[in-house]
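As provided, work.pdb (PDB, C-alpha atoms) reads as follows.
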```pdb
ATOM      1  CA  MET H  14    -155.757 -14.386-202.038
ATOM      2  CA  GLN H  15    -155.369 -14.242-198.276
ATOM      3  CA  SER H  16    -156.383 -11.056-196.536
ATOM      4  CA  PRO H  17    -153.563  -9.206-194.720
ATOM      5  CA  LEU H  18    -156.149  -8.064-192.158
ATOM      6  CA  PRO H  19    -157.397 -10.475-189.488
ATOM      7  CA  VAL H  20    -161.036 -11.310-188.867
ATOM      8  CA  ARG H  21    -162.658  -8.618-186.712
ATOM      9  CA  ASP H  22    -165.892  -9.133-184.772
ATOM     10  CA  GLY H  23    -166.331 -12.398-186.652
ATOM     11  CA  VAL H  24    -166.254 -10.685-190.063
ATOM     12  CA  ASN H  25    -163.569 -10.839-192.753
ATOM     13  CA  ALA H  26    -162.110  -7.645-194.145
ATOM     14  CA  THR H  27    -163.574  -6.639-197.513
ATOM     15  CA  ARG H  28    -161.344  -6.868-200.570
ATOM     16  CA  LEU H  29    -161.660  -4.306-203.375
ATOM     17  CA  ARG H  30    -159.917  -4.466-206.735
ATOM     18  CA  LEU H  31    -158.643  -1.131-207.961
ATOM     19  CA  PRO H  32    -158.978  -0.364-211.690
ATOM     20  CA  ASP H  33    -155.860  -0.277-213.848
ATOM     21  CA  GLU H  34    -156.772   3.153-215.174
ATOM     22  CA  GLY H  35    -159.434   5.822-214.950
ATOM     23  CA  PRO H  36    -160.043   9.439-213.971
ATOM     24  CA  TRP H  37    -158.982   8.800-210.353
ATOM     25  CA  GLU H  38    -155.491   9.793-209.240
ATOM     26  CA  THR H  39    -155.516   8.085-205.849
ATOM     27  CA  ALA H  40    -156.990   4.986-204.241
ATOM     28  CA  MET H  41    -159.044   7.288-202.022
ATOM     29  CA  ASP H  42    -160.466   9.070-205.078
ATOM     30  CA  TYR H  43    -161.696   5.715-206.363
ATOM     31  CA  MET H  44    -163.210   4.726-203.010
ATOM     32  CA  MET H  45    -164.979   8.078-202.874
ATOM     33  CA  HIS H  46    -166.333   7.366-206.349
ATOM     34  CA  ARG H  47    -167.653   3.984-205.191
ATOM     35  CA  TRP H  48    -168.812   4.717-201.629
ATOM     36  CA  GLY H  49    -168.466   8.458-201.007
ATOM     37  CA  HIS H  50    -172.209   9.029-201.298
ATOM     38  CA  ILE H  51    -172.691   6.812-198.232
ATOM     39  CA  ASP H  52    -169.966   7.856-195.780
ATOM     40  CA  PRO H  53    -167.336  10.252-197.180
ATOM     41  CA  GLN H  54    -166.042  11.274-193.746
ATOM     42  CA  GLY H  55    -165.717   7.647-192.699
ATOM     43  CA  ILE H  56    -163.574   6.900-195.762
ATOM     44  CA  GLU H  57    -161.254   9.826-195.057
ATOM     45  CA  ASP H  58    -160.962   8.815-191.402
ATOM     46  CA  ARG H  59    -160.025   5.244-192.339
ATOM     47  CA  PHE H  60    -157.264   6.397-194.672
ATOM     48  CA  ASP H  61    -155.947   8.767-192.002
ATOM     49  CA  ALA H  62    -155.960   5.969-189.413
ATOM     50  CA  GLY H  63    -154.156   3.502-191.698
ATOM     51  CA  GLU H  64    -157.123   1.113-191.632
ATOM     52  CA  ILE H  65    -157.152   0.610-195.409
ATOM     53  CA  VAL H  66    -154.272  -1.562-196.560
ATOM     54  CA  GLY H  67    -152.825  -2.961-199.764
ATOM     55  CA  GLU H  68    -150.766  -6.034-200.543
ATOM     56  CA  ALA H  69    -148.617  -7.223-197.636
ATOM     57  CA  GLY H  70    -150.732  -5.137-195.273
ATOM     58  CA  ILE H  71    -149.153  -1.820-196.323
ATOM     59  CA  PRO H  72    -151.344   1.048-195.034
ATOM     60  CA  LEU H  73    -152.633   3.507-197.630
ATOM     61  CA  ASP H  74    -153.095   7.237-197.091
ATOM     62  CA  ARG H  75    -155.010   9.931-198.934
ATOM     63  CA  THR H  76    -152.229  10.388-201.489
ATOM     64  CA  THR H  77    -151.474   6.737-202.373
ATOM     65  CA  PRO H  78    -151.555   6.555-206.205
ATOM     66  CA  LEU H  79    -154.263   4.381-207.727
ATOM     67  CA  GLN H  80    -151.741   2.280-209.647
ATOM     68  CA  ARG H  81    -149.656   1.346-206.609
ATOM     69  CA  HIS H  82    -151.938  -1.538-205.558
ATOM     70  CA  THR H  83    -154.213  -3.953-207.376
ATOM     71  CA  PHE H  84    -156.199  -4.977-204.302
ATOM     72  CA  ILE H  85    -156.962  -3.156-201.089
ATOM     73  CA  TRP H  86    -158.614  -4.413-197.908
ATOM     74  CA  TYR H  87    -160.735  -2.613-195.338
ATOM     75  CA  TYR H  88    -163.334  -3.271-192.649
ATOM     76  CA  ARG H  89    -166.909  -2.366-193.455
ATOM     77  CA  SER H  90    -168.943  -0.260-191.069
ATOM     78  CA  LEU H  91    -171.492  -2.673-189.642
ATOM     79  CA  PRO H  92    -174.948  -1.196-189.030
ATOM     80  CA  PRO H  93    -176.966  -2.462-186.057
ATOM     81  CA  GLU H  94    -178.892  -5.634-186.895
ATOM     82  CA  PRO H  95    -182.006  -6.885-185.128
ATOM     83  CA  ARG H  96    -181.358 -10.347-183.759
ATOM     84  CA  ILE H  97    -183.042 -13.166-185.639
ATOM     85  CA  PRO H  98    -184.944 -15.077-182.908
ATOM     86  CA  VAL H  99    -183.437 -18.486-183.596
ATOM     87  CA  GLU H 100    -180.527 -20.422-182.083
ATOM     88  CA  LEU H 101    -177.721 -22.629-183.377
ATOM     89  CA  ASN H 102    -177.133 -26.011-181.738
ATOM     90  CA  ILE H 103    -173.649 -27.525-181.722
ATOM     91  CA  LEU H 104    -173.731 -31.264-182.482
ATOM     92  CA  HIS H 105    -170.003 -32.038-182.716
ATOM     93  CA  GLN H 106    -166.690 -30.226-182.348
ATOM     94  CA  ASP H 107    -163.119 -31.450-182.626
ATOM     95  CA  GLU H 108    -159.752 -30.110-183.763
ATOM     96  CA  HIS H 109    -160.812 -30.266-187.422
ATOM     97  CA  LEU H 110    -164.588 -29.894-187.673
ATOM     98  CA  LEU H 111    -167.591 -28.172-186.182
ATOM     99  CA  VAL H 112    -171.042 -29.587-186.930
ATOM    100  CA  VAL H 113    -174.133 -27.544-186.075
ATOM    101  CA  ASP H 114    -177.876 -27.575-186.577
ATOM    102  CA  LYS H 115    -178.600 -24.340-188.441
ATOM    103  CA  PRO H 116    -182.134 -23.058-187.858
ATOM    104  CA  HIS H 117    -184.469 -21.687-190.497
ATOM    105  CA  PHE H 118    -184.128 -17.959-191.325
ATOM    106  CA  LEU H 119    -180.427 -17.697-190.380
ATOM    107  CA  PRO H 120    -178.047 -17.312-193.357
ATOM    108  CA  THR H 121    -174.939 -19.463-193.465
ATOM    109  CA  THR H 122    -172.525 -16.646-194.341
ATOM    110  CA  PRO H 123    -172.672 -12.855-194.071
ATOM    111  CA  GLY H 124    -174.081 -10.927-196.989
ATOM    112  CA  GLY H 125    -176.574  -8.231-197.847
ATOM    113  CA  THR H 126    -178.500  -7.132-194.766
ATOM    114  CA  TYR H 127    -177.254 -10.068-192.695
ATOM    115  CA  ILE H 128    -173.704  -9.741-191.363
ATOM    116  CA  GLN H 129    -173.548 -10.364-187.621
ATOM    117  CA  GLU H 130    -176.801 -12.300-187.949
ATOM    118  CA  SER H 131    -175.300 -15.189-189.888
ATOM    119  CA  ALA H 132    -174.342 -18.635-188.687
ATOM    120  CA  LEU H 133    -170.658 -18.105-189.480
ATOM    121  CA  VAL H 134    -170.252 -14.792-187.652
ATOM    122  CA  ARG H 135    -172.312 -15.923-184.672
ATOM    123  CA  LEU H 136    -170.183 -19.047-184.294
ATOM    124  CA  ARG H 137    -166.856 -17.243-184.786
ATOM    125  CA  ASN H 138    -167.750 -14.833-182.008
ATOM    126  CA  GLN H 139    -169.344 -17.405-179.706
ATOM    127  CA  LEU H 140    -166.503 -19.934-179.935
ATOM    128  CA  GLN H 141    -163.628 -17.491-180.519
ATOM    129  CA  LEU H 142    -162.712 -19.259-183.756
ATOM    130  CA  PRO H 143    -161.769 -16.557-186.291
ATOM    131  CA  ASP H 144    -160.530 -19.171-188.809
ATOM    132  CA  LEU H 145    -163.886 -20.965-188.929
ATOM    133  CA  ILE H 146    -165.075 -21.565-192.518
ATOM    134  CA  PRO H 147    -168.210 -23.417-193.757
ATOM    135  CA  MET H 148    -167.539 -26.456-195.943
ATOM    136  CA  HIS H 149    -170.857 -26.017-197.755
ATOM    137  CA  ARG H 150    -173.883 -23.741-197.564
ATOM    138  CA  LEU H 151    -177.512 -23.984-196.671
ATOM    139  CA  ASP H 152    -180.044 -21.472-197.955
ATOM    140  CA  ARG H 153    -181.187 -18.984-195.342
ATOM    141  CA  MET H 154    -184.621 -20.584-195.287
ATOM    142  CA  THR H 155    -183.288 -24.156-195.039
ATOM    143  CA  ALA H 156    -182.494 -25.692-191.640
ATOM    144  CA  GLY H 157    -180.296 -28.608-190.647
ATOM    145  CA  ILE H 158    -176.783 -30.001-190.706
ATOM    146  CA  LEU H 159    -174.001 -27.534-191.456
ATOM    147  CA  LEU H 160    -170.350 -28.620-191.515
ATOM    148  CA  LEU H 161    -167.564 -26.107-190.817
ATOM    149  CA  SER H 162    -163.776 -26.378-190.770
ATOM    150  CA  THR H 163    -162.030 -25.252-187.598
ATOM    151  CA  ASN H 164    -158.462 -25.946-188.762
ATOM    152  CA  PRO H 165    -156.853 -24.218-191.784
ATOM    153  CA  ASP H 166    -154.147 -26.904-191.909
ATOM    154  CA  THR H 167    -156.609 -29.731-192.615
ATOM    155  CA  ARG H 168    -159.326 -27.731-194.385
ATOM    156  CA  GLY H 169    -158.199 -28.719-197.854
ATOM    157  CA  LYS H 170    -158.679 -32.424-197.147
ATOM    158  CA  TYR H 171    -162.382 -31.856-196.453
ATOM    159  CA  GLN H 172    -162.814 -29.425-199.338
ATOM    160  CA  VAL H 173    -161.620 -32.117-201.719
ATOM    161  CA  LEU H 174    -164.438 -34.401-200.563
ATOM    162  CA  PHE H 175    -167.028 -31.822-201.579
ATOM    163  CA  GLU H 176    -165.279 -31.006-204.851
ATOM    164  CA  LYS H 177    -165.183 -34.705-205.813
ATOM    165  CA  ARG H 178    -168.778 -35.289-204.640
ATOM    166  CA  GLN H 179    -167.672 -37.814-202.060
ATOM    167  CA  VAL H 180    -170.101 -36.396-199.506
ATOM    168  CA  GLN H 181    -173.627 -37.836-199.363
ATOM    169  CA  LYS H 182    -176.371 -35.473-198.244
ATOM    170  CA  GLU H 183    -179.903 -36.293-197.205
ATOM    171  CA  TYR H 184    -182.766 -33.823-196.874
ATOM    172  CA  GLU H 185    -186.396 -34.021-195.835
ATOM    173  CA  CYS H 186    -189.279 -31.834-196.902
ATOM    174  CA  VAL H 187    -193.042 -31.580-196.524
ATOM    175  CA  SER H 188    -195.288 -31.073-199.520
ATOM    176  CA  ALA H 189    -198.642 -32.188-200.844
ATOM    177  CA  ALA H 190    -199.132 -35.948-201.058
ATOM    178  CA  GLU H 191    -200.217 -35.689-204.689
ATOM    179  CA  PRO H 192    -199.089 -33.346-207.488
ATOM    180  CA  ALA H 193    -200.972 -30.128-208.165
ATOM    181  CA  PRO H 194    -203.559 -30.146-210.980
ATOM    182  CA  GLY H 195    -201.930 -30.181-214.404
ATOM    183  CA  HIS H 196    -199.010 -32.334-213.289
ATOM    184  CA  PRO H 197    -198.844 -36.089-213.916
ATOM    185  CA  ALA H 198    -198.878 -38.637-211.100
ATOM    186  CA  VAL H 199    -195.467 -39.600-209.742
ATOM    187  CA  ASP H 200    -194.262 -43.148-209.174
ATOM    188  CA  PHE H 201    -191.899 -42.940-206.206
ATOM    189  CA  PRO H 202    -188.987 -43.168-205.790
ATOM    190  CA  VAL H 203    -188.199 -40.902-208.718
ATOM    191  CA  VAL H 204    -185.012 -39.290-209.997
ATOM    192  CA  VAL H 205    -185.292 -35.757-211.394
ATOM    193  CA  ARG H 206    -182.562 -34.660-213.809
ATOM    194  CA  ASN H 207    -182.340 -31.398-215.721
ATOM    195  CA  ARG H 208    -180.096 -28.469-216.486
ATOM    196  CA  MET H 209    -180.311 -25.570-214.052
ATOM    197  CA  THR H 210    -178.858 -22.090-214.063
ATOM    198  CA  LYS H 211    -179.083 -19.068-211.794
ATOM    199  CA  SER H 212    -177.727 -15.580-212.367
ATOM    200  CA  ARG H 213    -176.772 -13.238-209.545
ATOM    201  CA  SER H 214    -179.170 -10.623-210.892
ATOM    202  CA  TYR H 215    -182.268 -12.860-210.686
ATOM    203  CA  LEU H 216    -183.805 -14.381-207.570
ATOM    204  CA  LEU H 217    -184.971 -17.628-209.125
ATOM    205  CA  ALA H 218    -183.078 -20.575-210.516
ATOM    206  CA  GLU H 219    -184.229 -21.662-213.958
ATOM    207  CA  VAL H 220    -184.446 -24.944-215.828
ATOM    208  CA  ILE H 221    -183.045 -24.621-219.342
ATOM    209  CA  ASP H 222    -182.418 -26.906-222.281
ATOM    210  CA  GLY H 223    -179.150 -28.793-222.343
ATOM    211  CA  GLU H 224    -177.227 -31.620-220.749
ATOM    212  CA  PRO H 225    -178.396 -32.242-217.162
ATOM    213  CA  ASN H 226    -176.223 -30.763-214.435
ATOM    214  CA  ALA H 227    -178.627 -31.298-211.516
ATOM    215  CA  GLU H 228    -179.946 -34.598-210.153
ATOM    216  CA  THR H 229    -182.077 -35.477-207.126
ATOM    217  CA  ARG H 230    -183.539 -38.765-205.962
ATOM    218  CA  ILE H 231    -186.917 -38.260-204.269
ATOM    219  CA  GLU H 232    -188.695 -40.786-202.082
ATOM    220  CA  ARG H 233    -192.059 -40.416-200.354
ATOM    221  CA  LEU H 234    -191.696 -41.596-196.754
ATOM    222  CA  ARG H 235    -195.244 -41.269-195.420
ATOM    223  CA  THR H 236    -198.468 -39.367-195.899
ATOM    224  CA  PHE H 237    -200.639 -37.652-193.304
ATOM    225  CA  ALA H 238    -203.557 -35.260-192.956
ATOM    226  CA  GLY H 239    -202.753 -31.649-193.706
ATOM    227  CA  PRO H 240    -204.115 -28.579-191.924
ATOM    228  CA  ALA H 241    -207.599 -27.164-192.440
ATOM    229  CA  ALA H 242    -208.258 -26.279-196.045
ATOM    230  CA  ARG H 243    -207.245 -22.870-197.282
ATOM    231  CA  THR H 244    -207.744 -20.949-200.504
ATOM    232  CA  PRO H 245    -204.762 -22.072-202.637
ATOM    233  CA  HIS H 246    -204.703 -25.514-204.250
ATOM    234  CA  ALA H 247    -202.577 -28.434-203.094
ATOM    235  CA  GLY H 248    -198.959 -28.140-204.129
ATOM    236  CA  THR H 249    -198.721 -24.408-203.481
ATOM    237  CA  PRO H 250    -196.713 -23.091-200.519
ATOM    238  CA  ASP H 251    -199.908 -22.839-198.483
ATOM    239  CA  GLY H 252    -200.910 -26.408-199.244
ATOM    240  CA  GLY H 253    -204.697 -25.949-199.064
ATOM    241  CA  THR H 254    -207.438 -27.036-201.451
ATOM    242  CA  PRO H 255    -210.047 -24.942-203.306
ATOM    243  CA  ASP H 256    -213.031 -27.133-202.430
ATOM    244  CA  GLY H 257    -212.639 -27.130-198.651
ATOM    245  CA  ALA H 258    -211.506 -30.750-198.445
ATOM    246  CA  ALA H 259    -208.695 -31.482-196.018
ATOM    247  CA  PRO H 260    -205.528 -31.942-198.118
ATOM    248  CA  ARG H 261    -203.135 -34.816-197.705
ATOM    249  CA  ARG H 262    -199.490 -34.037-197.150
ATOM    250  CA  ALA H 263    -196.371 -36.157-197.267
ATOM    251  CA  LEU H 264    -192.868 -36.286-195.891
ATOM    252  CA  TYR H 265    -190.235 -36.786-198.584
ATOM    253  CA  ARG H 266    -186.583 -37.820-198.505
ATOM    254  CA  LEU H 267    -184.390 -35.950-200.995
ATOM    255  CA  GLU H 268    -180.921 -37.124-202.006
ATOM    256  CA  PRO H 269    -179.145 -34.585-204.226
ATOM    257  CA  HIS H 270    -176.295 -35.794-206.409
ATOM    258  CA  SER H 271    -175.323 -32.242-207.347
ATOM    259  CA  GLY H 272    -175.429 -28.933-205.538
ATOM    260  CA  LYS H 273    -177.117 -26.285-207.661
ATOM    261  CA  THR H 274    -178.701 -23.264-205.981
ATOM    262  CA  HIS H 275    -182.345 -23.985-205.025
ATOM    263  CA  GLN H 276    -182.029 -27.410-206.654
ATOM    264  CA  LEU H 277    -184.322 -29.270-204.248
ATOM    265  CA  ARG H 278    -186.982 -26.582-204.299
ATOM    266  CA  VAL H 279    -186.970 -26.462-208.098
ATOM    267  CA  HIS H 280    -187.065 -30.252-208.488
ATOM    268  CA  MET H 281    -189.984 -30.644-206.079
ATOM    269  CA  ALA H 282    -191.899 -27.828-207.776
ATOM    270  CA  SER H 283    -191.282 -29.410-211.189
ATOM    271  CA  LEU H 284    -193.269 -32.433-209.999
ATOM    272  CA  GLY H 285    -196.172 -30.243-208.893
ATOM    273  CA  LEU H 286    -195.085 -30.730-205.271
ATOM    274  CA  GLY H 287    -193.939 -27.283-204.154
ATOM    275  CA  ILE H 288    -192.475 -27.405-200.645
ATOM    276  CA  VAL H 289    -194.749 -26.035-197.937
ATOM    277  CA  ASN H 290    -194.063 -22.342-197.165
ATOM    278  CA  ASP H 291    -191.786 -21.885-200.190
ATOM    279  CA  ALA H 292    -192.133 -18.239-201.258
ATOM    280  CA  PHE H 293    -190.142 -18.785-204.487
ATOM    281  CA  TYR H 294    -191.333 -21.982-206.156
ATOM    282  CA  PRO H 295    -193.575 -22.816-207.943
ATOM    283  CA  GLU H 296    -194.615 -19.131-207.814
ATOM    284  CA  LEU H 297    -192.626 -16.133-206.629
ATOM    285  CA  LEU H 298    -194.673 -14.469-203.918
ATOM    286  CA  ASP H 299    -194.484 -10.794-202.985
ATOM    287  CA  LYS H 300    -191.653 -10.054-200.559
ATOM    288  CA  ALA H 301    -192.906  -9.942-196.998
ATOM    289  CA  PRO H 302    -191.291  -9.825-193.538
ATOM    290  CA  ASP H 303    -190.162 -13.195-192.229
ATOM    291  CA  ASP H 304    -192.961 -15.130-190.550
ATOM    292  CA  TYR H 305    -191.157 -17.225-187.972
ATOM    293  CA  THR H 306    -194.266 -19.366-187.491
ATOM    294  CA  LYS H 307    -194.086 -20.570-191.111
ATOM    295  CA  PRO H 308    -190.562 -21.790-191.910
ATOM    296  CA  LEU H 309    -189.794 -23.411-195.228
ATOM    297  CA  GLN H 310    -190.424 -27.112-194.728
ATOM    298  CA  LEU H 311    -186.983 -28.200-195.900
ATOM    299  CA  LEU H 312    -184.396 -29.772-193.599
ATOM    300  CA  ALA H 313    -180.843 -30.983-194.187
ATOM    301  CA  ARG H 314    -181.297 -34.219-192.247
ATOM    302  CA  GLY H 315    -177.887 -35.832-192.590
ATOM    303  CA  ILE H 316    -174.429 -35.827-194.105
ATOM    304  CA  ARG H 317    -171.971 -38.710-194.387
ATOM    305  CA  PHE H 318    -168.493 -39.285-195.789
ATOM    306  CA  VAL H 319    -165.222 -41.053-195.103
ATOM    307  CA  ASP H 320    -163.228 -38.796-192.819
ATOM    308  CA  PRO H 321    -159.951 -37.957-194.615
ATOM    309  CA  ILE H 322    -158.045 -37.704-191.312
ATOM    310  CA  THR H 323    -159.142 -40.939-189.632
ATOM    311  CA  GLY H 324    -160.128 -42.926-192.726
ATOM    312  CA  SER H 325    -163.352 -43.975-190.976
ATOM    313  CA  PRO H 326    -166.910 -43.418-192.250
ATOM    314  CA  VAL H 327    -168.787 -40.740-190.293
ATOM    315  CA  GLU H 328    -172.357 -39.524-190.332
ATOM    316  CA  TYR H 329    -173.965 -36.522-188.684
ATOM    317  CA  ARG H 330    -177.754 -36.270-188.260
ATOM    318  CA  SER H 331    -179.902 -33.250-187.504
ATOM    319  CA  ARG H 332    -181.928 -33.258-184.299
ATOM    320  CA  LEU H 333    -184.409 -30.746-185.712
ATOM    321  CA  GLU H 334    -187.878 -31.691-186.923
ATOM    322  CA  LEU H 335    -190.039 -30.052-189.566
ATOM    323  CA  SER H 336    -192.967 -28.360-187.877
ATOM    324  CA  GLU H 337    -195.448 -29.527-190.523
ATOM    325  CA  ALA H 338    -194.312 -33.175-190.502
ATOM    326  CA  ARG H 339    -197.114 -34.371-188.266
TER
END
```

Have the structure of the file written as structure tokens, please.
Amino acid sequence: MQSPLPVRDGVNATRLRLPDEGPWETAMDYMMHRWGHIDPQGIEDRFDAGEIVGEAGIPLDRTTPLQRHTFIWYYRSLPPEPRIPVELNILHQDEHLLVVDKPHFLPTTPGGTYIQESALVRLRNQLQLPDLIPMHRLDRMTAGILLLSTNPDTRGKYQVLFEKRQVQKEYECVSAAEPAPGHPAVDFPVVVRNRMTKSRSYLLAEVIDGEPNAETRIERLRTFAGPAARTPHAGTPDGGTPDGAAPRRALYRLEPHSGKTHQLRVHMASLGLGIVNDAFYPELLDKAPDDYTKPLQLLARGIRFVDPITGSPVEYRSRLELSEAR
């Protein structure tokens, strides 16, 4: 359902569904029930100013009955956000697409504590493109190629490519050269298939029994000496060894044939090859402030497909490099 309010400051208006029934007489009563503990005066002011609207952009006031609208739209109050000290690099822009190198630590879309500090909002404001929409997502901690649609009229043609899995993606990551103790040796290249699920209420994706819905081809590209030994064993996010020996690391190419949340991180960890600086897999570490000197060593290296407008094959490649891929 299209919002009747335009994008403002790079951010879409928020949509709220009103309940069919309840102890609230007006739409404002319900909003006070939901958000009144945060900013009751702000809610009243927005209704008085006509900044909360229903279907067809009809402004609501304090007395608008609850049942008059199913959905309402409004702009959130945006708290100040400290700037994430990373930059986006534009690789390609035309009348249909924008291709950028998204850095580590910057989320693709606004959410949670990151609104203005997201790739989408930054780019909308920087390029004055309020209709900009990402065609896919990268985790906040993953860097690399991000494809966005600049043209609502042709957006659907590109969305179909992703829906039909006609887009080939290539990633790179750094991990230990050999699996952690307790995991069998791996004969590369290897294809990992399993069934994954992730609920919104739980941070981690899980592997469960059932028909596979996630598949990744993994190839080891080269091995090299890791950093000085540290306390954890090889295969953990730190990548050290318990005996003081210098660990070996490797650069891997990952080719996902599905797009489950955290798929690549889970599949690498399942082999005993947790990605360097991964705070989630194989073990969930205590939450800590971002350490910009230790980005997750996972990069969306490339994306290729047959352009639905020109009919020609295209490929976009990241210019970023993983800091641990010595």

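Atom to atom, CA of Gly35 in chain H and CA of Pro78 in chain H stand 11.8 Å apart.
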
Legend entry - Length of the CA of Gly223 in chain H to CA of His196 in chain H vector [Å]: 22.1 Å

Inset, instruction - Identify the residues within 8 Å of coordinate (-179.7, -30.6, -196.3) (same frame as the file), considering all atoms listed in the file, and give the answer as JSON, numbers by chain. - result: {"H": [151, 155, 156, 157, 158, 182, 183, 184, 185, 311, 312, 313, 314, 315, 316]}

Legend entry - Non-local contacts of range 207-215 of chain H (10 Å; all atoms listed in the file; under 4 positions in same chain excluded) as a ChimeraX atom specification: /H:219-229,273-276,279-280

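Pairwise distance (CA of Gly23 in chain H, CA of Pro53 in chain H) equals 25.0 Å.
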
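Note on the selection: in this file the PyMOL selection byres ((chain H and resi 96) around 10) comes out as H:Pro93, H:Glu94, H:Pro95, H:Ile97, H:Pro98, H:Val99, H:Leu119, H:Tyr127, H:Gln129, H:Glu130, H:Ser131.
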
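The set of protein, DNA and RNA residues with any counted atom at most 9 Å from (-157.1, -3.8, -207.8) (only C-alpha atoms) reads H:Arg28, H:Leu29, H:Arg30, H:Leu31, H:Pro32, H:Asp33, H:Leu79, H:Gln80, H:His82, H:Thr83, H:Phe84, H:Ile85.
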
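Candidate residues H:Ala301, H:Val289, H:Val199, H:Ala132 were compared for distance to Ser336 in chain H, and the nearest is H:Val289, using all atoms listed in the file.
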
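Using only C-alpha atoms, the shortest contact distance between Thr27 in chain H and any of H:Leu91, H:Val187, H:Ile71, H:Leu217 is found at H:Leu91.
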
Inset, instruction - For the file shown, report as a PyMOL selection string the outcome of the PyMOL selection byres ((chain H and resi 40-48) around 7) at residue level. - result: chain H and resi 37-39+49-53+75+77-79

Inset, instruction - Any chance you could resolve the PyMOL selection byres ((chain H and resi 175) around 12) against this file and give the residues as JSON, numbers by chain? - result: {"H": [147, 148, 149, 150, 160, 168, 169, 170, 171, 172, 173, 174, 176, 177, 178, 179, 180, 181, 182, 270, 271, 272, 316, 317, 318, 319, 320, 321]}

List the spatial neighbours of Pro295 in chain H as a PDB file with C-alpha atoms, in the coordinates of the input - criterion: any atom at most 8 Å away, all atoms listed in the file, same-chain residues fewer than 5 positions off excluded.
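The resulting part.pdb:
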```pdb
ATOM      1  CA  THR H 249    -198.721 -24.408-203.481  1.00  0.00           C
ATOM      2  CA  VAL H 279    -186.970 -26.462-208.098  1.00  0.00           C
ATOM      3  CA  ALA H 282    -191.899 -27.828-207.776  1.00  0.00           C
ATOM      4  CA  SER H 283    -191.282 -29.410-211.189  1.00  0.00           C
ATOM      5  CA  GLY H 285    -196.172 -30.243-208.893  1.00  0.00           C
ATOM      6  CA  GLY H 287    -193.939 -27.283-204.154  1.00  0.00           C
TER       7      GLY H 287
END
```

Legend entry - Long-range neighbours of Pro17 in chain H as a count of residues only, 8 Å cut-off, all atoms listed in the file, 3 positions minimum in chain: 5

Legend entry - Nearest-residue call for Asp200 in chain H, choices H:Lys300, H:Arg339, H:Arg59, H:Arg233, using only C-alpha atoms: H:Arg233
